[in-house]
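Visitor: Below is protein11.cif; it holds mmCIF, C-alpha atoms.
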```cif
data_my_file
loop_
_atom_site.label_atom_id
_atom_site.label_comp_id
_atom_site.auth_asym_id
_atom_site.auth_seq_id
_atom_site.Cartn_x
_atom_site.Cartn_y
_atom_site.Cartn_z
CA MET A 1 -5.02 -13.86 14.33
CA SER A 2 -3.84 -10.84 16.24
CA THR A 3 -0.47 -9.55 15.10
CA THR A 4 2.21 -10.50 17.63
CA ALA A 5 4.96 -8.18 18.77
CA HIS A 6 7.38 -10.13 16.55
CA ASP A 7 5.27 -10.08 13.41
CA LYS A 8 4.78 -7.51 10.70
CA PRO A 9 1.26 -6.63 9.57
CA PHE A 10 -0.29 -8.21 6.50
CA ILE A 11 -0.94 -5.31 4.15
CA LEU A 12 -2.52 -5.33 0.70
CA ALA A 13 -3.19 -2.18 -1.29
CA GLY A 14 -2.65 -0.04 1.80
CA ARG A 15 -5.08 -1.96 4.00
CA THR A 16 -4.06 -4.08 6.99
CA TYR A 17 -5.68 -7.47 7.58
CA GLU A 18 -5.71 -9.63 10.69
CA SER A 19 -6.42 -12.91 8.89
CA ARG A 20 -3.88 -14.40 6.53
CA LEU A 21 -6.42 -16.81 5.06
CA LEU A 22 -8.17 -15.82 1.82
CA VAL A 23 -11.06 -17.97 0.66
CA GLY A 24 -13.07 -18.55 -2.49
CA THR A 25 -16.82 -18.83 -2.95
CA GLY A 26 -17.23 -21.59 -5.52
CA LYS A 27 -18.20 -25.27 -5.25
CA TYR A 28 -20.39 -25.04 -2.15
CA LYS A 29 -23.80 -26.73 -2.21
CA ASP A 30 -25.65 -23.45 -1.70
CA LEU A 31 -25.22 -19.85 -0.60
CA GLU A 32 -25.96 -20.64 3.03
CA GLU A 33 -23.10 -23.14 3.21
CA THR A 34 -20.90 -20.58 1.49
CA ARG A 35 -21.79 -17.98 4.12
CA ALA A 36 -21.27 -20.34 7.07
CA ALA A 37 -17.91 -21.67 5.87
CA ILE A 38 -16.50 -18.24 5.11
CA GLU A 39 -17.61 -16.95 8.48
CA ALA A 40 -16.01 -19.95 10.23
CA SER A 41 -12.74 -19.40 8.38
CA GLY A 42 -12.23 -15.96 9.86
CA ALA A 43 -11.18 -14.72 6.42
CA GLU A 44 -11.48 -11.02 5.65
CA ILE A 45 -10.77 -11.29 1.91
CA VAL A 46 -13.15 -13.33 -0.24
CA THR A 47 -12.41 -13.99 -3.88
CA VAL A 48 -15.19 -14.20 -6.46
CA ALA A 49 -15.06 -15.57 -10.01
CA VAL A 50 -16.81 -12.79 -11.90
CA ARG A 51 -17.47 -14.97 -14.96
CA ARG A 52 -19.14 -17.69 -12.89
CA THR A 53 -20.79 -15.87 -10.00
CA ASN A 54 -23.52 -13.27 -9.95
CA ILE A 55 -22.47 -10.12 -8.12
CA GLY A 56 -25.07 -7.94 -9.80
CA GLN A 57 -24.50 -8.53 -13.50
CA ASN A 58 -27.51 -10.88 -13.70
CA PRO A 59 -30.55 -9.10 -12.22
CA GLY A 60 -33.20 -11.43 -10.84
CA GLU A 61 -30.75 -14.22 -9.97
CA PRO A 62 -29.37 -14.94 -6.47
CA ASN A 63 -26.61 -12.45 -5.71
CA LEU A 64 -23.57 -13.66 -3.78
CA LEU A 65 -23.19 -10.22 -2.22
CA ASP A 66 -26.47 -10.77 -0.36
CA VAL A 67 -24.69 -13.29 1.88
CA ILE A 68 -21.08 -12.07 1.55
CA SER A 69 -21.43 -8.39 2.32
CA PRO A 70 -18.82 -5.97 0.91
CA GLU A 71 -19.28 -4.01 4.13
CA ARG A 72 -17.89 -6.96 6.11
CA TYR A 73 -15.46 -8.52 3.63
CA THR A 74 -13.01 -7.25 1.05
CA ILE A 75 -14.34 -8.67 -2.20
CA LEU A 76 -11.52 -9.84 -4.47
CA PRO A 77 -12.86 -10.28 -8.03
CA ASN A 78 -10.89 -12.85 -10.00
CA THR A 79 -10.61 -13.73 -13.66
CA ALA A 80 -11.07 -17.51 -13.33
CA GLY A 81 -12.18 -18.98 -16.64
CA CYS A 82 -10.17 -16.52 -18.73
CA TYR A 83 -7.73 -17.92 -21.29
CA THR A 84 -6.48 -14.71 -22.91
CA ALA A 85 -5.19 -11.40 -21.65
CA GLU A 86 -8.06 -9.62 -23.38
CA GLU A 87 -10.68 -11.70 -21.56
CA ALA A 88 -9.00 -11.10 -18.22
CA VAL A 89 -8.73 -7.34 -18.69
CA ARG A 90 -12.36 -7.12 -19.78
CA THR A 91 -13.46 -9.13 -16.74
CA CYS A 92 -11.55 -6.90 -14.33
CA ARG A 93 -13.08 -3.80 -15.86
CA LEU A 94 -16.55 -5.32 -15.51
CA ALA A 95 -15.86 -6.07 -11.85
CA ARG A 96 -14.76 -2.48 -11.29
CA GLU A 97 -18.07 -1.25 -12.70
CA LEU A 98 -20.13 -3.71 -10.64
CA LEU A 99 -18.29 -2.88 -7.42
CA ASP A 100 -18.34 0.90 -7.70
CA GLY A 101 -14.75 1.52 -8.75
CA HIS A 102 -13.16 -1.35 -6.79
CA LYS A 103 -9.49 -1.63 -7.86
CA LEU A 104 -8.24 -4.77 -6.07
CA VAL A 105 -8.35 -7.80 -8.38
CA LYS A 106 -6.90 -11.27 -8.65
CA LEU A 107 -5.57 -11.91 -12.13
CA GLU A 108 -5.43 -15.43 -13.49
CA VAL A 109 -5.07 -16.36 -17.14
CA LEU A 110 -5.24 -20.10 -17.70
CA ALA A 111 -3.42 -22.18 -20.30
CA ASP A 112 -5.89 -25.06 -20.73
CA GLN A 113 -8.85 -26.75 -19.09
CA LYS A 114 -7.00 -29.96 -18.22
CA THR A 115 -4.31 -28.47 -15.96
CA LEU A 116 -5.63 -24.95 -15.26
CA PHE A 117 -1.96 -24.03 -15.24
CA PRO A 118 -1.25 -20.31 -15.68
CA ASN A 119 -0.40 -19.05 -19.15
CA VAL A 120 2.46 -16.82 -18.09
CA ILE A 121 2.76 -15.04 -21.45
CA GLU A 122 -0.87 -13.93 -21.40
CA THR A 123 -0.63 -13.23 -17.66
CA LEU A 124 2.27 -10.84 -18.19
CA LYS A 125 0.38 -9.07 -20.99
CA ALA A 126 -2.76 -8.68 -18.87
CA ALA A 127 -0.84 -7.57 -15.78
CA GLU A 128 0.89 -4.79 -17.71
CA VAL A 129 -2.42 -3.43 -18.99
CA LEU A 130 -4.20 -3.67 -15.63
CA VAL A 131 -1.41 -2.00 -13.66
CA LYS A 132 -1.35 0.88 -16.15
CA ASP A 133 -5.14 1.06 -15.85
CA GLY A 134 -4.90 1.70 -12.12
CA PHE A 135 -5.78 -1.73 -10.75
CA ASP A 136 -4.15 -3.25 -7.66
CA VAL A 137 -3.22 -6.61 -9.14
CA MET A 138 -2.70 -9.81 -7.19
CA VAL A 139 -1.55 -12.37 -9.71
CA TYR A 140 -1.81 -16.16 -9.95
CA THR A 141 1.35 -17.47 -11.54
CA SER A 142 3.62 -20.45 -11.98
CA ASP A 143 6.30 -21.32 -9.43
CA ASP A 144 9.00 -19.81 -11.68
CA PRO A 145 11.02 -17.34 -9.58
CA ILE A 146 11.95 -15.29 -12.66
CA ILE A 147 8.32 -14.76 -13.69
CA ALA A 148 7.40 -13.92 -10.10
CA ARG A 149 10.14 -11.30 -10.02
CA GLN A 150 9.02 -9.79 -13.33
CA LEU A 151 5.41 -9.53 -12.16
CA ALA A 152 6.51 -7.71 -9.01
CA GLU A 153 8.76 -5.37 -10.99
CA MET A 154 5.83 -4.66 -13.31
CA GLY A 155 3.83 -3.31 -10.37
CA CYS A 156 1.69 -6.22 -9.17
CA ILE A 157 1.03 -5.83 -5.44
CA ALA A 158 1.25 -9.57 -4.68
CA VAL A 159 2.37 -12.72 -6.47
CA MET A 160 0.45 -15.95 -5.96
CA PRO A 161 2.38 -19.00 -7.17
CA LEU A 162 0.56 -22.30 -7.27
CA ALA A 163 1.68 -24.99 -4.85
CA GLY A 164 -0.12 -27.67 -6.86
CA LEU A 165 -2.66 -27.75 -9.65
CA ILE A 166 -5.98 -26.04 -8.90
CA GLY A 167 -8.47 -28.29 -7.16
CA THR A 168 -6.16 -31.30 -6.80
CA GLY A 169 -5.51 -31.06 -3.07
CA LEU A 170 -2.02 -32.49 -3.62
CA GLY A 171 -0.47 -30.13 -1.09
CA ILE A 172 2.79 -28.19 -1.36
CA CYS A 173 4.44 -29.91 -4.30
CA ASN A 174 7.19 -27.36 -4.89
CA PRO A 175 8.62 -26.08 -1.58
CA TYR A 176 12.06 -25.38 -3.02
CA ASN A 177 10.79 -23.15 -5.82
CA LEU A 178 8.57 -21.36 -3.34
CA ARG A 179 11.56 -20.75 -1.06
CA ILE A 180 13.47 -19.10 -3.91
CA ILE A 181 10.48 -16.90 -4.73
CA LEU A 182 10.19 -15.94 -1.06
CA GLU A 183 13.90 -15.13 -0.76
CA GLU A 184 13.68 -12.68 -3.66
CA ALA A 185 10.22 -11.28 -2.89
CA THR A 186 9.67 -7.53 -2.81
CA VAL A 187 5.87 -7.91 -2.54
CA PRO A 188 3.73 -10.33 -0.52
CA VAL A 189 3.82 -13.95 -1.68
CA LEU A 190 0.64 -16.00 -1.23
CA VAL A 191 0.24 -19.67 -2.04
CA ASP A 192 -2.66 -20.10 -4.43
CA ALA A 193 -3.90 -23.59 -5.41
CA GLY A 194 -2.94 -27.07 -4.28
CA VAL A 195 -3.82 -26.97 -0.59
CA GLY A 196 -5.88 -30.01 0.42
CA THR A 197 -5.92 -30.04 4.19
CA ALA A 198 -4.84 -28.07 7.23
CA SER A 199 -1.28 -29.36 7.34
CA ASP A 200 -0.71 -28.10 3.77
CA ALA A 201 -1.72 -24.60 4.83
CA THR A 202 0.59 -24.78 7.81
CA ILE A 203 3.54 -25.82 5.64
CA ALA A 204 2.93 -22.89 3.29
CA MET A 205 2.99 -20.49 6.21
CA GLU A 206 6.05 -22.11 7.77
CA LEU A 207 7.90 -21.48 4.51
CA GLY A 208 7.29 -17.77 5.05
CA CYS A 209 4.32 -17.06 2.81
CA GLU A 210 2.36 -13.97 3.80
CA ALA A 211 -0.96 -15.76 3.35
CA VAL A 212 -2.77 -18.62 1.63
CA LEU A 213 -5.74 -18.56 -0.72
CA MET A 214 -7.94 -21.65 -1.01
CA ASN A 215 -11.37 -22.79 -2.12
CA SER A 216 -11.61 -26.50 -2.96
CA ALA A 217 -9.91 -27.63 0.24
CA ILE A 218 -12.79 -26.18 2.23
CA ALA A 219 -15.70 -26.51 -0.18
CA HIS A 220 -14.95 -30.14 -1.08
CA ALA A 221 -14.40 -31.29 2.51
CA GLN A 222 -17.03 -33.62 3.95
CA ASN A 223 -17.79 -30.88 6.48
CA PRO A 224 -16.84 -27.54 4.89
CA VAL A 225 -17.62 -25.43 7.95
CA LEU A 226 -15.47 -27.61 10.20
CA MET A 227 -12.64 -27.61 7.65
CA ALA A 228 -12.86 -23.82 7.46
CA GLN A 229 -12.26 -23.68 11.20
CA ALA A 230 -9.32 -26.07 10.83
CA MET A 231 -7.79 -23.90 8.13
CA LYS A 232 -8.11 -20.82 10.30
CA HIS A 233 -6.09 -22.47 13.06
CA ALA A 234 -3.62 -24.01 10.60
CA ILE A 235 -2.76 -20.61 9.13
CA GLU A 236 -2.26 -19.16 12.60
CA ALA A 237 -0.10 -22.08 13.76
CA GLY A 238 2.05 -21.97 10.63
CA ARG A 239 2.66 -18.25 10.93
CA LEU A 240 3.63 -18.54 14.60
CA ALA A 241 5.97 -21.44 13.83
CA TYR A 242 7.61 -19.40 11.07
CA LEU A 243 8.13 -16.49 13.43
CA ALA A 244 9.44 -18.76 16.19
CA GLY A 245 11.97 -20.47 13.93
CA ARG A 246 12.09 -24.26 13.96
CA MET A 247 14.85 -26.23 15.62
CA PRO A 248 17.63 -27.51 13.35
CA LYS A 249 17.31 -31.02 12.01
CA LYS A 250 19.92 -33.49 13.28
CA LEU A 251 20.94 -36.95 12.19
CA TYR A 252 21.43 -38.31 15.70
CA ALA A 253 19.48 -38.08 18.93
CA SER A 254 20.00 -35.30 21.45
CA ALA A 255 18.78 -35.67 25.03
CA SER A 256 16.00 -33.29 25.97
CA SER A 257 17.24 -32.94 29.55
CA PRO A 258 20.73 -31.66 30.42
CA LEU A 259 23.33 -34.31 31.22
CA GLU A 260 25.07 -32.22 33.88
CA GLY A 261 24.19 -32.95 37.47
CA LEU A 262 22.92 -36.47 36.90
CA ILE A 263 22.29 -38.45 40.09
CA ARG A 264 24.68 -41.39 40.14
#
```
The structure given in the file should be rewritten as structure tokens.

Guide:
Amino acid sequence: MSTTAHDKPFILAGRTYESRLLVGTGKYKDLEETRAAIEASGAEIVTVAVRRTNIGQNPGEPNLLDVISPERYTILPNTAGCYTAEEAVRTCRLARELLDGHKLVKLEVLADQKTLFPNVIETLKAAEVLVKDGFDVMVYTSDDPIIARQLAEMGCIAVMPLAGLIGTGLGICNPYNLRIILEEATVPVLVDAGVGTASDATIAMELGCEAVLMNSAIAHAQNPVLMAQAMKHAIEAGRLAYLAGRMPKKLYASASSPLEGLIR
């Protein structure tokens, strides 16, 4: 989406992006479907689970970077599958080695396998280490405004509260918490997790989020490439609606046409 005259640019780690949709690479049937869906989404930032995806650490196996070129996309390594701060830090350092000094990472430290809810204590510990180590940290977190504020104050470049549990597709379950986080935000706020369909993405953008990250909503659709296109348009529509400012809600009807000058 081209930036309108009324919008501010979407900037991460000093780089400006046109698309406000970030997409994952997991759960597709094969690498070709991955490539086609990501291309259809218009996304410029693609997140990769380093512990689950080969980006060069397993020679001889299919390499995701053969179809998702770092020359075309910003690769965002993530720490999915990590349950301690130590695991997450080690994974980010591995990604930096594999990607020739790449500093932009998505930190997530999970609490358990059932909920995949963030472990905020371990997340805070990992974030502190990574920021001091020179990483540009985008961080998956709970919808707690206080934790979001602390992560920003610590030096994370973006906070990414969940809107629903990972992979559930339940939509925006917590709009009021997200609004508080957005009101206090000093860094970009991106919804991460919970989006199930295009209208969910639009709602997140209408709330004022800078962007949305998703994977399952596209990869688990009956037609992932078509859903990727839908998500692209949903993000654009939601951002424009946010900039336009919605009409106030009213209890009673209000005529669309003026009452003055009626023919009697």

Visitor: What do you get, as a list in words, if you spell out every residue that the PyMOL selection byres ((chain A and resi 180-185) around 9) selects here?

Guide: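 For this structure, the PyMOL selection byres ((chain A and resi 180-185) around 9) resolves to Asp143, Asp144, Pro145, Ile146, Ala148, Arg149, Ala152, Val159, Pro161, Pro175, Tyr176, Asn177, Leu178, Arg179, Thr186, Val187, Pro188, Val189, Leu207, Gly208 and Cys209 of chain A.
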
Visitor: Next, write the just-selected residues to a file, as an mmCIF file, in the coordinates of the input, keeping C-alpha atoms as the atom set.

Guide:
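Writing done, so here's result03.cif:
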```cif
data_model
loop_
_atom_site.group_PDB
_atom_site.id
_atom_site.type_symbol
_atom_site.label_atom_id
_atom_site.label_comp_id
_atom_site.auth_asym_id
_atom_site.auth_seq_id
_atom_site.Cartn_x
_atom_site.Cartn_y
_atom_site.Cartn_z
ATOM 1 C CA ASP A 143 6.300 -21.320 -9.430
ATOM 2 C CA ASP A 144 9.000 -19.810 -11.680
ATOM 3 C CA PRO A 145 11.020 -17.340 -9.580
ATOM 4 C CA ILE A 146 11.950 -15.290 -12.660
ATOM 5 C CA ALA A 148 7.400 -13.920 -10.100
ATOM 6 C CA ARG A 149 10.140 -11.300 -10.020
ATOM 7 C CA ALA A 152 6.510 -7.710 -9.010
ATOM 8 C CA VAL A 159 2.370 -12.720 -6.470
ATOM 9 C CA PRO A 161 2.380 -19.000 -7.170
ATOM 10 C CA PRO A 175 8.620 -26.080 -1.580
ATOM 11 C CA TYR A 176 12.060 -25.380 -3.020
ATOM 12 C CA ASN A 177 10.790 -23.150 -5.820
ATOM 13 C CA LEU A 178 8.570 -21.360 -3.340
ATOM 14 C CA ARG A 179 11.560 -20.750 -1.060
ATOM 15 C CA THR A 186 9.670 -7.530 -2.810
ATOM 16 C CA VAL A 187 5.870 -7.910 -2.540
ATOM 17 C CA PRO A 188 3.730 -10.330 -0.520
ATOM 18 C CA VAL A 189 3.820 -13.950 -1.680
ATOM 19 C CA LEU A 207 7.900 -21.480 4.510
ATOM 20 C CA GLY A 208 7.290 -17.770 5.050
ATOM 21 C CA CYS A 209 4.320 -17.060 2.810
#
```

Visitor: Once the PyMOL selection byres ((chain A and resi 235) around 7) has been applied to the shown file, what residues remain in the selection, as a list in words?

Guide: Arg20, Leu21, Ala201, Thr202, Met205, Met231, Lys232, His233, Ala234, Glu236, Ala237, Gly238 and Arg239 of chain A

Visitor: Got a sec: who's within 9 Å of Cys82 in chain A, counting all atoms listed in the file, leaving out chain neighbours fewer than 2 positions off, as a PDB file with C-alpha atoms, in the coordinates of the input?

Guide:
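To be explicit, this is the file written out as part.pdb:
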```pdb
ATOM      1  CA  ARG A  51     -17.470 -14.970 -14.960  1.00  0.00           C
ATOM      2  CA  THR A  79     -10.610 -13.730 -13.660  1.00  0.00           C
ATOM      3  CA  ALA A  80     -11.070 -17.510 -13.330  1.00  0.00           C
ATOM      4  CA  THR A  84      -6.480 -14.710 -22.910  1.00  0.00           C
ATOM      5  CA  ALA A  85      -5.190 -11.400 -21.650  1.00  0.00           C
ATOM      6  CA  GLU A  86      -8.060  -9.620 -23.380  1.00  0.00           C
ATOM      7  CA  GLU A  87     -10.680 -11.700 -21.560  1.00  0.00           C
ATOM      8  CA  ALA A  88      -9.000 -11.100 -18.220  1.00  0.00           C
ATOM      9  CA  THR A  91     -13.460  -9.130 -16.740  1.00  0.00           C
ATOM     10  CA  GLU A 108      -5.430 -15.430 -13.490  1.00  0.00           C
ATOM     11  CA  VAL A 109      -5.070 -16.360 -17.140  1.00  0.00           C
ATOM     12  CA  LEU A 110      -5.240 -20.100 -17.700  1.00  0.00           C
ATOM     13  CA  ALA A 111      -3.420 -22.180 -20.300  1.00  0.00           C
TER      14      ALA A 111
END
```

Visitor: Using CA of His220 in chain A and CA of Tyr17 in chain A as the two end points, give the distance in Å to one decimal.

Guide: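 Separation of CA of His220 in chain A and CA of Tyr17 in chain A: 26.0 Å.
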
Visitor: Would you compute the distance between CA of Val48 in chain A and CA of Gly155 in chain A? Give it in Å to one decimal.

Guide: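 Interatomic distance, CA of Val48 in chain A to CA of Gly155 in chain A: 22.3 Å.
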
Visitor: Identify, on the basis of only C-alpha atoms, every residue whose closest approach to range 117-125 of chain A does not exceed 9 Å; exclude the query and any residue fewer than 3 positions from it along the same chain; express the result as an MDAnalysis selection string.

Guide: chainID A and resid 83:86 88 107:114 128:130 139:142 147 150:151 154 162 165:166

Visitor: Between CA of Arg52 in chain A and CA of Ala13 in chain A, measure the distance and give it in Å to one decimal.

Guide: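 Taking CA of Arg52 in chain A as the start and CA of Ala13 in chain A as the end point, the length is 25.1 Å.
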
Visitor: Please write as a ChimeraX atom specification the list of polymer residues whose atoms come within 12 Å of (-18.6, -5.7, -15.1), counting only C-alpha atoms and keeping to the coordinates of the file.

Guide: /A:49-51,53-58,77-79,87-102

Visitor: List the neighbours of Ala193 in chain A out to 9 Å using only C-alpha atoms; skip same-chain residues closer than 2 positions along the sequence, and give me the result as an MDAnalysis selection string.

Guide: chainID A and resid 140 160:169 171 191 195:196 212:216

Visitor: Point out the residue among A:Glu39, A:Glu153, A:Asp30, A:Glu18 with the least atom-to-atom distance to Leu64 in chain A, counting all atoms listed in the file.

Guide: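 Of the candidates, the smallest distance to Leu64 in chain A is held by A:Asp30.
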
Visitor: Name the residues in contact with Ile38 in chain A at a cut-off of 10 Å, using all atoms listed in the file, excluding same-chain residues fewer than 5 positions from it; report them as a ChimeraX atom specification.

Guide: /A:22-25,32-33,43-46,68,73,215,218-219,224-225,228-229

Visitor: Could you save those same residues with C-alpha atoms as a compact mmCIF listing (two decimals), in the coordinates of the input?

Guide:
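This went into out_22.txt:
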```
# COMPACT_ATOMS: atom_id res chain seq x y z
CA LEU A 22 -8.17 -15.82 1.82
CA VAL A 23 -11.06 -17.97 0.66
CA GLY A 24 -13.07 -18.55 -2.49
CA THR A 25 -16.82 -18.83 -2.95
CA GLU A 32 -25.96 -20.64 3.03
CA GLU A 33 -23.10 -23.14 3.21
CA ALA A 43 -11.18 -14.72 6.42
CA GLU A 44 -11.48 -11.02 5.65
CA ILE A 45 -10.77 -11.29 1.91
CA VAL A 46 -13.15 -13.33 -0.24
CA ILE A 68 -21.08 -12.07 1.55
CA TYR A 73 -15.46 -8.52 3.63
CA ASN A 215 -11.37 -22.79 -2.12
CA ILE A 218 -12.79 -26.18 2.23
CA ALA A 219 -15.70 -26.51 -0.18
CA PRO A 224 -16.84 -27.54 4.89
CA VAL A 225 -17.62 -25.43 7.95
CA ALA A 228 -12.86 -23.82 7.46
CA GLN A 229 -12.26 -23.68 11.20
```

Visitor: Quick one: everything within 8 Å of range 133-136 of chain A, counting only C-alpha atoms, minus sequence neighbours fewer than 4 positions away in the same chain. Send it as a list of chain:residue names.

Guide: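 Result of the neighbour search: A:Ala13, A:Lys103, A:Leu104, A:Val105, A:Val129, A:Cys156, A:Ile157.
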
Visitor: Let's have the selection written as a PDB file, keeping the file's coordinate frame, with C-alpha atoms.

Guide:
```pdb
ATOM      1  CA  ALA A  13      -3.190  -2.180  -1.290  1.00  0.00           C
ATOM      2  CA  LYS A 103      -9.490  -1.630  -7.860  1.00  0.00           C
ATOM      3  CA  LEU A 104      -8.240  -4.770  -6.070  1.00  0.00           C
ATOM      4  CA  VAL A 105      -8.350  -7.800  -8.380  1.00  0.00           C
ATOM      5  CA  VAL A 129      -2.420  -3.430 -18.990  1.00  0.00           C
ATOM      6  CA  CYS A 156       1.690  -6.220  -9.170  1.00  0.00           C
ATOM      7  CA  ILE A 157       1.030  -5.830  -5.440  1.00  0.00           C
TER       8      ILE A 157
END
```

Visitor: Closest to Ala217 in chain A among A:Leu116, A:Ile203, A:Leu170, A:Met138, using only C-alpha atoms?

Guide: A:Leu170

Visitor: Of the candidates A:Ala253, A:Leu243, A:Leu190, A:Ala221, which shows the shortest atom-to-atom distance to Lys27 in chain A, using all atoms listed in the file?

Guide: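 Distance minimum relative to Lys27 in chain A lands on A:Ala221.
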
Visitor: Would you please work out which residue, of A:Thr74, A:Asn223, A:Thr115, A:Gly60, is nearest to Ala37 in chain A when using all atoms listed in the file?

Guide: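 The closest residue to Ala37 in chain A is A:Asn223.
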
Visitor: Return the single residue from A:Lys29, A:Lys106, A:Ser41, A:Thr34 that is closest to Leu12 in chain A, with distances computed using only C-alpha atoms.

Guide: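 The shortest atom-to-atom distance to Leu12 in chain A comes from A:Lys106.
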
Visitor: Would you mind putting N, CA and C atoms back on range 62-79 of chain A and writing the result as a JSON list (two decimals), in the frame of the given file?

Guide:
```json
[["chain", "number", "residue", "atom", "x", "y", "z"],
["A", 62, "PRO", "N", -29.98, -15.09, -7.79],
["A", 62, "PRO", "CA", -29.37, -14.94, -6.47],
["A", 62, "PRO", "C", -28.02, -14.23, -6.55],
["A", 63, "ASN", "N", -27.82, -13.28, -5.70],
["A", 63, "ASN", "CA", -26.61, -12.45, -5.71],
["A", 63, "ASN", "C", -25.73, -12.86, -4.53],
["A", 64, "LEU", "N", -24.49, -13.24, -4.83],
["A", 64, "LEU", "CA", -23.57, -13.66, -3.78],
["A", 64, "LEU", "C", -23.38, -12.57, -2.73],
["A", 65, "LEU", "N", -23.44, -11.32, -3.14],
["A", 65, "LEU", "CA", -23.19, -10.22, -2.22],
["A", 65, "LEU", "C", -24.30, -10.06, -1.18],
["A", 66, "ASP", "N", -25.41, -10.79, -1.38],
["A", 66, "ASP", "CA", -26.47, -10.77, -0.36],
["A", 66, "ASP", "C", -26.07, -11.55, 0.88],
["A", 67, "VAL", "N", -25.14, -12.50, 0.73],
["A", 67, "VAL", "CA", -24.69, -13.29, 1.88],
["A", 67, "VAL", "C", -23.23, -13.00, 2.24],
["A", 68, "ILE", "N", -22.48, -12.47, 1.30],
["A", 68, "ILE", "CA", -21.08, -12.07, 1.55],
["A", 68, "ILE", "C", -21.02, -10.56, 1.36],
["A", 69, "SER", "N", -21.27, -9.84, 2.42],
["A", 69, "SER", "CA", -21.43, -8.39, 2.32],
["A", 69, "SER", "C", -20.09, -7.67, 2.09],
["A", 70, "PRO", "N", -20.03, -6.79, 1.11],
["A", 70, "PRO", "CA", -18.82, -5.97, 0.91],
["A", 70, "PRO", "C", -18.54, -5.04, 2.09],
["A", 71, "GLU", "N", -19.52, -4.83, 2.95],
["A", 71, "GLU", "CA", -19.28, -4.01, 4.13],
["A", 71, "GLU", "C", -18.50, -4.79, 5.19],
["A", 72, "ARG", "N", -18.58, -6.12, 5.13],
["A", 72, "ARG", "CA", -17.89, -6.96, 6.11],
["A", 72, "ARG", "C", -16.59, -7.54, 5.55],
["A", 73, "TYR", "N", -16.60, -7.87, 4.27],
["A", 73, "TYR", "CA", -15.46, -8.52, 3.63],
["A", 73, "TYR", "C", -14.90, -7.66, 2.50],
["A", 74, "THR", "N", -13.60, -7.81, 2.26],
["A", 74, "THR", "CA", -13.01, -7.25, 1.05],
["A", 74, "THR", "C", -13.28, -8.24, -0.08],
["A", 75, "ILE", "N", -14.03, -7.81, -1.06],
["A", 75, "ILE", "CA", -14.34, -8.67, -2.20],
["A", 75, "ILE", "C", -13.17, -8.59, -3.19],
["A", 76, "LEU", "N", -12.66, -9.76, -3.55],
["A", 76, "LEU", "CA", -11.52, -9.84, -4.47],
["A", 76, "LEU", "C", -12.01, -10.49, -5.77],
["A", 77, "PRO", "N", -12.43, -9.70, -6.75],
["A", 77, "PRO", "CA", -12.86, -10.28, -8.03],
["A", 77, "PRO", "C", -11.68, -10.98, -8.69],
["A", 78, "ASN", "N", -11.95, -12.15, -9.27],
["A", 78, "ASN", "CA", -10.89, -12.85, -10.00],
["A", 78, "ASN", "C", -11.32, -13.17, -11.41],
["A", 79, "THR", "N", -10.35, -13.51, -12.23],
["A", 79, "THR", "CA", -10.61, -13.73, -13.66],
["A", 79, "THR", "C", -10.58, -15.22, -13.99]]
```
